[in-house]
Amino acid sequence: MLITLSMALLALSSSFANAHGSHSSPQNPSADWATRHMQEEHHIDSFDPASFFTLHDYDASGSWTPEEVRKTYGMDHETNAALTDERKQEALREVFTLFDPANTGYISRDNWMRLISDGVKLPDFGFGPGHHGDIEYEYEIHHFEQFHGEDATEEELTHPEDIEHFRRHDEEDEAQERLEQLERMSIVAANIPAKFRKQIQS
């Protein structure tokens with residue numbers, strides 16, 4: 001899987017969008033949703049349908065499942081928390097109606113390539129650019145790369161996005177520390193309610 005993903009990224013590496021110093025979006029307003037997704041979520045301007053398919057075939061199975069399409073559109077990302085499950089299902093049905101004409105329940109690479117060549121495109125449902133990375137990736141791709149750069153010092157990371165990112169890291173670290181403390185604690189029988197102690201002893 002790593003080899004396949006690496007090959008896809010190599011094929012996609014023609015040119016990258018940079019927007020240092022501005023919060024404006026780098027995408028062309030006239031671009032379709034797939035182009036917008038690649039520019040905003042991956043910082044890639046030039047790509048082909050085969051590479052797009054491979055990049056979003058997360059399990060390298062040669063087909064897209066509903067879960068993979070859902071992930072590509074960022075339907076379960078926190079920015080789409082207000083979306084109802086009904087709206088998500090409607091969107092999935094529309095994508096599969098377009099790219100799974102035989103109603104197999106998955107989108108094959110062959111169907112994708114054929115239908116894209118016929119001019120069929122992924123719809124824009126208004127769900128945003130399709131955030132589907134973890135918090136580290138999303139911070140890197142949507143903020144750090146655009147406004148800081150590799151030589152940025154910790155003192156320079158003062159934007160609201162930086163503060164929020166590190167706050168979330170602190171929360172995760174604290175939660176992990178609490179869990180480890182609980183795991184290290186000895187079980188004190190006297191602290192267990194009597195009715196549960198009886199069950200344990202029997």
# chains A, B, ... in the order shown; residues from 1 in each chain; ligands from 1
>>> residues_around(residues="A:Ile107", least_positions_apart="2", cutoff="8 Å", atoms="only C-alpha atoms", output="list in words")
Ser63, Trp64, Thr65, Phe96, Phe99, Asp100, Thr104, Gly105, Arg109, Asn111 and Trp112 of chain A
>>> residues_around(residues="A:His132", least_positions_apart="3", cutoff="7 Å", atoms="only C-alpha atoms", output="MDAnalysis selection string")
chainID A and resid 71:72 74 77
>>> write_last_selection(atoms="N, CA, C and O atoms", output="short mmCIF file (atom, residue, chain, number, x, y, z; two decimals), in the first residue's frame")
data_model
loop_
_atom_site.label_atom_id
_atom_site.label_comp_id
_atom_site.auth_asym_id
_atom_site.auth_seq_id
_atom_site.Cartn_x
_atom_site.Cartn_y
_atom_site.Cartn_z
N LYS A 71 -14.98 9.75 3.17
CA LYS A 71 -13.74 10.33 3.71
C LYS A 71 -13.17 11.38 2.77
O LYS A 71 -12.74 12.46 3.21
N THR A 72 -13.18 11.10 1.46
CA THR A 72 -12.62 12.04 0.49
C THR A 72 -13.35 13.38 0.53
O THR A 72 -12.74 14.44 0.43
N GLY A 74 -14.73 14.58 3.11
CA GLY A 74 -14.62 15.16 4.44
C GLY A 74 -15.94 15.23 5.18
O GLY A 74 -16.16 16.10 6.02
N HIS A 77 -15.55 15.11 8.93
CA HIS A 77 -14.61 16.06 9.53
C HIS A 77 -15.40 17.04 10.40
O HIS A 77 -16.58 17.30 10.16
#
>>> closest_residue(among="A:Phe52, A:Tyr58, A:Trp33, A:Phe47", to="A:Phe125", atoms="only C-alpha atoms")
A:Trp33
>>> closest_residue(among="A:Ser46, A:Glu180, A:Asp32, A:Asp124", to="A:Tyr73", atoms="only C-alpha atoms")
A:Asp124
>>> residues_around(residues="A:Gln89", least_positions_apart="5", cutoff="10 Å", atoms="only C-alpha atoms", output="VMD selection string")
chain A and resid 66 70 75 84 94 to 95
>>> closest_residue(among="A:Phe127, A:Glu68, A:Met113, A:Gln176", to="A:Lys88", atoms="only C-alpha atoms")
A:Phe127
>>> atom_distance(atom1="atom CA of A:Ile116", atom2="atom CA of A:Pro49")
7.3 Å
>>> atom_distance(atom1="atom CA of A:Glu41", atom2="atom CA of A:His56")
11.9 Å
>>> closest_residue(among="A:Leu98, A:Val69, A:Asp59, A:Glu90", to="A:His131", atoms="only C-alpha atoms")
A:Val69
